[in-house]
Amino acid sequence: MKKYTFKKAVSVFMTGAIMLGFAGCLDFGGKKAALEAAETFASNVASVDADALIENSSLDEDDSTISDLLSDANLSDDQKAFCEAMQKTIEYEVDQESLTIKKGEASIDITFTIADYAAVLKEKYTKIDELTAAIKKADTKEIKFTAEFVKQDKEWVVDNLTSKKFAKIFEYRSAEIKLGLTPDMIKGFIDRNMCGFWLEKDGKITDLNYIEYNYYFKSEALEYKDRGTKIYFVLSKDDKAVFTSPESIFGETTNYKCKVTEEQLGLKKNSYLEKGNYKLDLYMKADDGDKLVDSVSVTVDQSPAKKNTNGKLPGEGDFYNFRNDEFKSNVIACGWLNVDNTRTDAKTYNTNAKKVVFTFQVVDTCTYAVDYKYYYAEKEDAASLEAALKTPIYSGSAAPKQFTNGKYIDLEYSFNGQPKTGTYLFVVTKAGTNTIVALGYCRVK
């Protein structure tokens with residue numbers, strides 16, 4: 001059997017030389033043109049040239065079969081790189097002796113060789129470059145396709161591009177690319193500017209009935225959700241493991257909350273955490289053993305006068321106060337949030353702050369809605385504060401909102417540009433009434 005073998009990149013000169021060779025042994029009635037059409041078709045397949053394939057086919061203009069099959073629109077960057085590597089491995093052979101022509105129709109066998117990607121994907125890779133390098137060295141497999149042509153305006157055009165056998169050539173484009181994650185990769189996604197222990201100050205948290213650390217990952221982490229990599233954390237007290245969390249899928253969210261309550265540590269409800277050094281270790285599940293990703297530590301303390309949460313909450317009487325026992329009975333903890341890492345202490349933000357947020361963590365049964373107002377005073381003398389409280393700079397409403405780690409009422413105020421230095425006060429009232437339930441302040445400096 002006489003065959004002609006072509007690669008994707010065949011020069012115009014070489015193509016012409018080959019066709020002259022055909023002319024010497026074939027008649028010019030139809031075979032030469034059919035073979036030229038077959039070679040053009042095979043070259044367009046190897047080049048993954050959707051436009052050329054459609055142009056030299058019998059497809060209607062509104063038929064999107066080929067454009068959809070070869071579109072990159074829904075491919076991730078990793079999938080695009082994989083497809084490009086696969087494309088470079090495509091070669092073909094046109095079987096001259098298999099050509100048949102009858103009454104304006106022709107068919108010819110073309111054998112495409114392509115990397116055996118299925119075998120490659122059975123191995124594990126953590127980088128797309130590793131996978132594409134393996135594709136280049138992979139064994140190949142053959143896909144035989146009988147191209148069918150019809151005469152259209154005296155030109156041979158392919159007539160079976162919508163067949164399942166043709167689509168089989170490009171089945172690699174729907175292959176699932178699952179690159180593995182490493183502990184270092186996960187650690188690299190951590191945004192340290194956003195992470196931290198709840199209400200931590202100078203490496204210590206005081207008078208809380210739970211411990212919570214928030215990991216914030218860069219948005220790129222979301223692209224790894226489909227990898228199915230699981231993470232979990234272990235909390236230790238004074239070098240002894242005291243709690244292991246359930247497993248979560250890495251990439252499901254950019255905010256991974258590590259929270260352990262007093263009850264999960266075997267303590268009575270509403271009692272403060274015991275003093276000690278607490279360490280939180282973040283782990284990645286792996287077939288060859290769980291891998292440590294990151295570790296953070298904090299010291300837990302109790303104020304001498306505070307034995308349980310029935311007394312004052314941290315900061316109460318300093319930078320905020322309650323004015324209603326019913327409202328306070330719903331509150332577990334409260335304080336100024338460290339928005340964008342701009343809080344410099346428990347009640348002070350720097351001038352990079354875009355907003356300030358005072359939050360009340362409330363019990364799960366709380367339905368207490370509030371109205372609130374913010375006021376601004378450049379100075380903190382009595383006259384300045386009294387004058388400031390006559391003119392609010394912002395009015396808002398808030399109700400308990402459920403988050404993954406609890407229920408919160410947030411008093412949020414966004415600055416219009418860079419904030420003025422000075423004191424920002426808030427007054428909270430029961431929704432729809434003038435009954436004051438809480439008030440407080442923060443500083444910007």
# chains A, B, ... in the order shown; residues from 1 in each chain; ligands from 1
>>> select_by_dssp(residues="range 106-319 of chain A", states="alpha helix (DSSP H)", output="JSON list (two decimals) with C-alpha atoms, in the first residue's frame")
[["chain", "number", "residue", "atom", "x", "y", "z"],
["A", 117, "TYR", "CA", -3.05, 11.46, 26.69],
["A", 118, "ALA", "CA", -5.13, 9.01, 28.74],
["A", 119, "ALA", "CA", -1.98, 7.21, 29.86],
["A", 120, "VAL", "CA", -0.29, 10.52, 30.67],
["A", 121, "LEU", "CA", -3.21, 11.78, 32.78],
["A", 128, "ILE", "CA", 0.83, 22.41, 33.91],
["A", 129, "ASP", "CA", 4.38, 22.62, 32.50],
["A", 130, "GLU", "CA", 5.08, 19.15, 33.88],
["A", 131, "LEU", "CA", 1.98, 17.80, 32.16],
["A", 132, "THR", "CA", 2.71, 19.40, 28.78],
["A", 133, "ALA", "CA", 6.30, 18.14, 28.92],
["A", 134, "ALA", "CA", 4.98, 14.62, 29.49],
["A", 135, "ILE", "CA", 2.64, 14.99, 26.50],
["A", 136, "LYS", "CA", 5.62, 15.72, 24.25],
["A", 137, "LYS", "CA", 7.31, 12.46, 25.32],
["A", 164, "LYS", "CA", -18.86, 10.92, 15.89],
["A", 165, "LYS", "CA", -15.75, 9.45, 14.26],
["A", 166, "PHE", "CA", -14.50, 12.91, 13.35],
["A", 167, "ALA", "CA", -15.20, 14.25, 16.85],
["A", 168, "LYS", "CA", -13.15, 11.36, 18.25],
["A", 169, "ILE", "CA", -9.99, 12.97, 16.84],
["A", 183, "PRO", "CA", 1.34, 22.32, 50.74],
["A", 184, "ASP", "CA", 3.63, 25.06, 49.44],
["A", 185, "MET", "CA", 1.12, 25.94, 46.71],
["A", 186, "ILE", "CA", -1.70, 26.29, 49.25],
["A", 187, "LYS", "CA", 0.53, 28.32, 51.56],
["A", 188, "GLY", "CA", 1.38, 30.60, 48.66]]
>>> residues_around(residues="Ile143 in chain A", least_positions_apart="3", cutoff="12 Å", atoms="only C-alpha atoms", output="PyMOL selection string")
chain A and resi 90-93+109-116+140+146+165-171
>>> atom_distance(atom1="CA of Arg343 in chain A", atom2="CA of Gly276 in chain A")
25.2 Å
>>> residues_around(residues="Asn193 in chain A", least_positions_apart="2", cutoff="12 Å", atoms="only C-alpha atoms", output="ChimeraX atom specification")
/A:189-191,195-196,214-218,338-343
>>> write_last_selection(atoms="N, CA and C atoms", output="PDB file, in the first residue's frame")
ATOM      1  N   PHE A 189      -1.037  30.771  48.482  1.00  0.00           N
ATOM      2  CA  PHE A 189      -2.296  31.470  48.233  1.00  0.00           C
ATOM      3  C   PHE A 189      -2.766  32.278  49.444  1.00  0.00           C
ATOM      4  N   ILE A 190      -2.140  32.094  50.609  1.00  0.00           N
ATOM      5  CA  ILE A 190      -2.592  32.783  51.821  1.00  0.00           C
ATOM      6  C   ILE A 190      -2.277  34.275  51.723  1.00  0.00           C
ATOM      7  N   ASP A 191      -3.301  35.106  51.966  1.00  0.00           N
ATOM      8  CA  ASP A 191      -3.122  36.554  51.994  1.00  0.00           C
ATOM      9  C   ASP A 191      -2.892  36.976  53.448  1.00  0.00           C
ATOM     10  N   CYS A 195      -5.380  37.832  57.156  1.00  0.00           N
ATOM     11  CA  CYS A 195      -5.574  36.756  58.132  1.00  0.00           C
ATOM     12  C   CYS A 195      -5.387  37.261  59.564  1.00  0.00           C
ATOM     13  N   GLY A 196      -5.984  36.551  60.503  1.00  0.00           N
ATOM     14  CA  GLY A 196      -5.767  36.910  61.895  1.00  0.00           C
ATOM     15  C   GLY A 196      -6.738  36.238  62.841  1.00  0.00           C
ATOM     16  N   ASN A 214      -9.113  33.382  60.995  1.00  0.00           N
ATOM     17  CA  ASN A 214      -9.636  33.468  59.631  1.00  0.00           C
ATOM     18  C   ASN A 214      -8.496  33.445  58.625  1.00  0.00           C
ATOM     19  N   TYR A 215      -8.503  32.399  57.776  1.00  0.00           N
ATOM     20  CA  TYR A 215      -7.571  32.351  56.650  1.00  0.00           C
ATOM     21  C   TYR A 215      -8.248  32.996  55.449  1.00  0.00           C
ATOM     22  N   TYR A 216      -7.544  33.904  54.808  1.00  0.00           N
ATOM     23  CA  TYR A 216      -8.022  34.486  53.557  1.00  0.00           C
ATOM     24  C   TYR A 216      -7.048  34.076  52.449  1.00  0.00           C
ATOM     25  N   PHE A 217      -7.612  33.471  51.403  1.00  0.00           N
ATOM     26  CA  PHE A 217      -6.802  33.034  50.278  1.00  0.00           C
ATOM     27  C   PHE A 217      -7.014  33.968  49.085  1.00  0.00           C
ATOM     28  N   LYS A 218      -6.003  34.117  48.276  1.00  0.00           N
ATOM     29  CA  LYS A 218      -6.113  34.921  47.060  1.00  0.00           C
ATOM     30  C   LYS A 218      -7.149  34.293  46.137  1.00  0.00           C
ATOM     31  N   ASN A 338     -11.290  44.387  62.119  1.00  0.00           N
ATOM     32  CA  ASN A 338     -10.011  44.816  61.541  1.00  0.00           C
ATOM     33  C   ASN A 338     -10.129  44.836  60.016  1.00  0.00           C
ATOM     34  N   VAL A 339     -10.896  45.802  59.508  1.00  0.00           N
ATOM     35  CA  VAL A 339     -11.195  45.868  58.082  1.00  0.00           C
ATOM     36  C   VAL A 339      -9.933  46.185  57.285  1.00  0.00           C
ATOM     37  N   ASP A 340      -9.619  45.320  56.313  1.00  0.00           N
ATOM     38  CA  ASP A 340      -8.446  45.501  55.443  1.00  0.00           C
ATOM     39  C   ASP A 340      -7.160  45.720  56.231  1.00  0.00           C
ATOM     40  N   ASN A 341      -7.102  45.165  57.440  1.00  0.00           N
ATOM     41  CA  ASN A 341      -5.911  45.253  58.276  1.00  0.00           C
ATOM     42  C   ASN A 341      -5.538  46.715  58.584  1.00  0.00           C
ATOM     43  N   THR A 342      -6.570  47.555  58.797  1.00  0.00           N
ATOM     44  CA  THR A 342      -6.324  48.980  59.055  1.00  0.00           C
ATOM     45  C   THR A 342      -6.546  49.355  60.521  1.00  0.00           C
ATOM     46  N   ARG A 343      -6.940  48.411  61.348  1.00  0.00           N
ATOM     47  CA  ARG A 343      -7.124  48.702  62.769  1.00  0.00           C
ATOM     48  C   ARG A 343      -5.786  48.569  63.481  1.00  0.00           C
TER      49      ARG A 343
END
>>> closest_atom_pairs(of="range 103-162 of chain A", to="range 63-68 of chain A", cutoff="12 Å", atoms="only C-alpha atoms", output="CSV")
residue,atom,partner,partner_atom,distance
A:Asn160,CA,A:Ile66,CA,11.1
A:Leu161,CA,A:Ile66,CA,7.4
A:Thr162,CA,A:Thr65,CA,6.5
>>> closest_residue(among="A:Val150, A:Ala382, A:Cys366, A:Val356", to="Phe415 in chain A", atoms="only C-alpha atoms")
A:Val356
>>> residues_around(residues="range 400-414 of chain A", least_positions_apart="3", cutoff="8 Å", atoms="only C-alpha atoms", output="list of chain:residue names")
A:Lys257, A:Lys259, A:Lys354, A:Lys355, A:Val356, A:Val357, A:Phe358, A:Thr359, A:Phe360, A:Gln361, A:Val362, A:Val363, A:Asp364, A:Cys366, A:Thr367, A:Tyr368, A:Ala369, A:Tyr372, A:Tyr374, A:Tyr394, A:Gly396, A:Ser397
>>> select_by_dssp(residues="range 87-264 of chain A", states="strand (DSSP E or B)", output="ChimeraX atom specification")
/A:91-95,100-102,105-115,140-152,155-158,190,196-197,201,204-206,210-217,230-237,240-244,248-249,255-261
>>> write_last_selection(atoms="C-alpha atoms", output="mmCIF file, in the first residue's frame")
data_model
loop_
_atom_site.group_PDB
_atom_site.id
_atom_site.type_symbol
_atom_site.label_atom_id
_atom_site.label_comp_id
_atom_site.auth_asym_id
_atom_site.auth_seq_id
_atom_site.Cartn_x
_atom_site.Cartn_y
_atom_site.Cartn_z
ATOM 1 C CA GLU A 91 0.509 13.829 12.454
ATOM 2 C CA TYR A 92 -1.352 12.141 9.600
ATOM 3 C CA GLU A 93 -1.089 9.702 6.707
ATOM 4 C CA VAL A 94 -3.265 9.917 3.602
ATOM 5 C CA ASP A 95 -3.848 6.457 2.097
ATOM 6 C CA THR A 100 -12.736 5.943 -4.303
ATOM 7 C CA ILE A 101 -14.691 8.307 -6.549
ATOM 8 C CA LYS A 102 -18.213 7.725 -7.834
ATOM 9 C CA GLU A 105 -18.726 11.582 -4.234
ATOM 10 C CA ALA A 106 -15.347 10.482 -2.912
ATOM 11 C CA SER A 107 -13.878 8.874 0.181
ATOM 12 C CA ILE A 108 -10.370 8.310 1.434
ATOM 13 C CA ASP A 109 -8.804 6.883 4.594
ATOM 14 C CA ILE A 110 -6.642 9.147 6.703
ATOM 15 C CA THR A 111 -4.800 7.894 9.785
ATOM 16 C CA PHE A 112 -4.070 10.480 12.452
ATOM 17 C CA THR A 113 -1.512 9.819 15.171
ATOM 18 C CA ILE A 114 -1.739 11.709 18.435
ATOM 19 C CA ALA A 115 -0.277 11.500 21.931
ATOM 20 C CA THR A 140 1.079 7.833 20.425
ATOM 21 C CA LYS A 141 -2.125 6.183 19.291
ATOM 22 C CA GLU A 142 -3.750 5.997 15.858
ATOM 23 C CA ILE A 143 -7.201 7.232 14.911
ATOM 24 C CA LYS A 144 -8.407 6.126 11.481
ATOM 25 C CA PHE A 145 -10.935 8.389 9.815
ATOM 26 C CA THR A 146 -12.593 7.908 6.446
ATOM 27 C CA ALA A 147 -13.117 11.385 5.015
ATOM 28 C CA GLU A 148 -16.113 11.662 2.725
ATOM 29 C CA PHE A 149 -16.230 14.360 0.049
ATOM 30 C CA VAL A 150 -18.876 15.747 -2.282
ATOM 31 C CA LYS A 151 -18.570 18.030 -5.287
ATOM 32 C CA GLN A 152 -19.773 21.539 -4.521
ATOM 33 C CA GLU A 155 -14.741 21.699 -5.625
ATOM 34 C CA TRP A 156 -14.359 18.693 -3.350
ATOM 35 C CA VAL A 157 -15.582 19.543 0.157
ATOM 36 C CA VAL A 158 -15.726 17.347 3.268
ATOM 37 C CA ILE A 190 -2.592 32.783 51.821
ATOM 38 C CA GLY A 196 -5.767 36.910 61.895
ATOM 39 C CA PHE A 197 -7.268 35.765 65.178
ATOM 40 C CA LYS A 201 -4.155 42.236 70.267
ATOM 41 C CA LYS A 204 -3.138 37.718 72.882
ATOM 42 C CA ILE A 205 -6.905 37.277 73.133
ATOM 43 C CA THR A 206 -8.648 37.852 76.430
ATOM 44 C CA TYR A 210 -14.208 30.699 71.552
ATOM 45 C CA ILE A 211 -11.073 30.950 69.478
ATOM 46 C CA GLU A 212 -11.278 31.850 65.799
ATOM 47 C CA TYR A 213 -8.654 32.328 63.113
ATOM 48 C CA ASN A 214 -9.636 33.468 59.631
ATOM 49 C CA TYR A 215 -7.571 32.351 56.650
ATOM 50 C CA TYR A 216 -8.022 34.486 53.557
ATOM 51 C CA PHE A 217 -6.802 33.034 50.278
ATOM 52 C CA LYS A 230 -9.160 18.520 51.337
ATOM 53 C CA ILE A 231 -7.857 20.657 54.178
ATOM 54 C CA TYR A 232 -8.508 20.692 57.917
ATOM 55 C CA PHE A 233 -7.048 22.221 61.058
ATOM 56 C CA VAL A 234 -5.891 20.962 64.451
ATOM 57 C CA LEU A 235 -6.001 23.174 67.550
ATOM 58 C CA SER A 236 -3.481 22.484 70.292
ATOM 59 C CA LYS A 237 -3.302 23.930 73.805
ATOM 60 C CA LYS A 240 -1.498 19.032 73.285
ATOM 61 C CA ALA A 241 -4.069 18.556 70.496
ATOM 62 C CA VAL A 242 -7.525 19.476 71.790
ATOM 63 C CA PHE A 243 -9.653 19.704 68.634
ATOM 64 C CA THR A 244 -9.562 18.438 65.025
ATOM 65 C CA SER A 248 -13.203 21.016 53.752
ATOM 66 C CA ILE A 249 -12.518 21.284 50.022
ATOM 67 C CA ASN A 255 -12.270 32.686 53.504
ATOM 68 C CA TYR A 256 -11.583 29.563 55.581
ATOM 69 C CA LYS A 257 -12.731 30.053 59.178
ATOM 70 C CA CYS A 258 -11.056 28.040 61.915
ATOM 71 C CA LYS A 259 -13.324 28.345 64.925
ATOM 72 C CA VAL A 260 -13.511 26.274 68.128
ATOM 73 C CA THR A 261 -16.051 27.012 70.862
#
>>> atom_distance(atom1="CA of Glu247 in chain A", atom2="CA of Asn277 in chain A")
24.1 Å
>>> atom_distance(atom1="CA of Ser271 in chain A", atom2="CA of Ser329 in chain A")
14.9 Å
>>> closest_residue(among="A:Val437, A:Val48, A:Ala138, A:Ile54", to="Asn324 in chain A", atoms="only C-alpha atoms")
A:Val437
>>> closest_residue(among="A:Asp238, A:Asp381, A:Asp301, A:Asp78", to="Thr126 in chain A", atoms="only C-alpha atoms")
A:Asp78
>>> closest_residue(among="A:Gly417, A:Ala286, A:Arg323, A:Asp345", to="Ile436 in chain A", atoms="only C-alpha atoms")
A:Arg323
>>> closest_residue(among="A:Leu208, A:Met86, A:Leu385, A:Ala377", to="Pro314 in chain A", atoms="only C-alpha atoms")
A:Leu208
>>> residues_around(residues="Phe426 in chain A", least_positions_apart="4", cutoff="7 Å", atoms="only C-alpha atoms", output="CSV table (one decimal) with C-alpha atoms, in the first residue's frame")
chain,number,residue,atom,x,y,z
A,372,TYR,CA,-27.9,53.3,64.1
A,373,LYS,CA,-26.3,56.6,63.4
A,374,TYR,CA,-22.7,57.7,63.1
A,375,TYR,CA,-21.3,61.1,64.2
A,439,LEU,CA,-23.3,53.4,72.0
A,440,GLY,CA,-19.5,53.6,71.3
A,441,TYR,CA,-16.7,55.2,69.4
>>> closest_residue(among="A:Leu99, A:Leu70, A:Ile393, A:Leu59", to="Lys32 in chain A", atoms="only C-alpha atoms")
A:Leu99
>>> residues_around(residues="Ala438 in chain A", least_positions_apart="5", cutoff="6 Å", atoms="only C-alpha atoms", output="PyMOL selection string")
chain A and resi 321-323+428
>>> residues_around(residues="Ser76 in chain A", least_positions_apart="4", cutoff="12 Å", atoms="only C-alpha atoms", output="JSON list (two decimals) with N, CA and C atoms, in the first residue's frame")
[["chain", "number", "residue", "atom", "x", "y", "z"],
["A", 71, "SER", "N", -13.72, 25.34, 20.03],
["A", 71, "SER", "CA", -13.68, 26.63, 20.71],
["A", 71, "SER", "C", -12.88, 26.55, 22.01],
["A", 72, "ASP", "N", -12.13, 27.62, 22.31],
["A", 72, "ASP", "CA", -11.38, 27.72, 23.57],
["A", 72, "ASP", "C", -12.13, 28.53, 24.62],
["A", 80, "LYS", "N", -6.21, 24.99, 28.08],
["A", 80, "LYS", "CA", -5.69, 25.54, 26.83],
["A", 80, "LYS", "C", -4.25, 25.08, 26.59],
["A", 81, "ALA", "N", -3.43, 25.13, 27.63],
["A", 81, "ALA", "CA", -2.04, 24.70, 27.50],
["A", 81, "ALA", "C", -1.96, 23.22, 27.15],
["A", 82, "PHE", "N", -2.83, 22.41, 27.77],
["A", 82, "PHE", "CA", -2.87, 20.98, 27.47],
["A", 82, "PHE", "C", -3.25, 20.75, 26.02],
["A", 83, "CYS", "N", -4.29, 21.45, 25.54],
["A", 83, "CYS", "CA", -4.75, 21.26, 24.16],
["A", 83, "CYS", "C", -3.68, 21.69, 23.15],
["A", 128, "ILE", "N", 1.26, 22.68, 35.27],
["A", 128, "ILE", "CA", 0.83, 22.41, 33.91],
["A", 128, "ILE", "C", 2.04, 22.17, 33.00],
["A", 173, "ARG", "N", -9.88, 17.35, 23.84],
["A", 173, "ARG", "CA", -10.26, 18.71, 24.24],
["A", 173, "ARG", "C", -11.25, 18.72, 25.41],
["A", 174, "SER", "N", -11.87, 17.60, 25.67],
["A", 174, "SER", "CA", -12.80, 17.51, 26.79],
["A", 174, "SER", "C", -12.21, 16.73, 27.97],
["A", 175, "ALA", "N", -10.92, 16.43, 27.89],
["A", 175, "ALA", "CA", -10.27, 15.70, 28.98],
["A", 175, "ALA", "C", -10.25, 16.55, 30.24],
["A", 176, "GLU", "N", -10.42, 15.91, 31.37],
["A", 176, "GLU", "CA", -10.42, 16.61, 32.65],
["A", 176, "GLU", "C", -8.99, 16.74, 33.16],
["A", 177, "ILE", "N", -8.55, 17.97, 33.35],
["A", 177, "ILE", "CA", -7.19, 18.23, 33.82],
["A", 177, "ILE", "C", -7.24, 18.48, 35.32],
["A", 178, "LYS", "N", -6.64, 17.60, 36.07],
["A", 178, "LYS", "CA", -6.61, 17.73, 37.53],
["A", 178, "LYS", "C", -5.17, 17.74, 38.01],
["A", 223, "GLU", "N", -9.87, 28.57, 41.63],
["A", 223, "GLU", "CA", -9.69, 27.76, 40.43],
["A", 223, "GLU", "C", -9.35, 26.31, 40.77],
["A", 224, "TYR", "N", -9.02, 26.05, 42.04],
["A", 224, "TYR", "CA", -8.60, 24.71, 42.44],
["A", 224, "TYR", "C", -9.69, 23.92, 43.14],
["A", 226, "ASP", "N", -12.15, 22.25, 41.91],
["A", 226, "ASP", "CA", -12.44, 20.97, 41.25],
["A", 226, "ASP", "C", -11.37, 19.91, 41.49]]
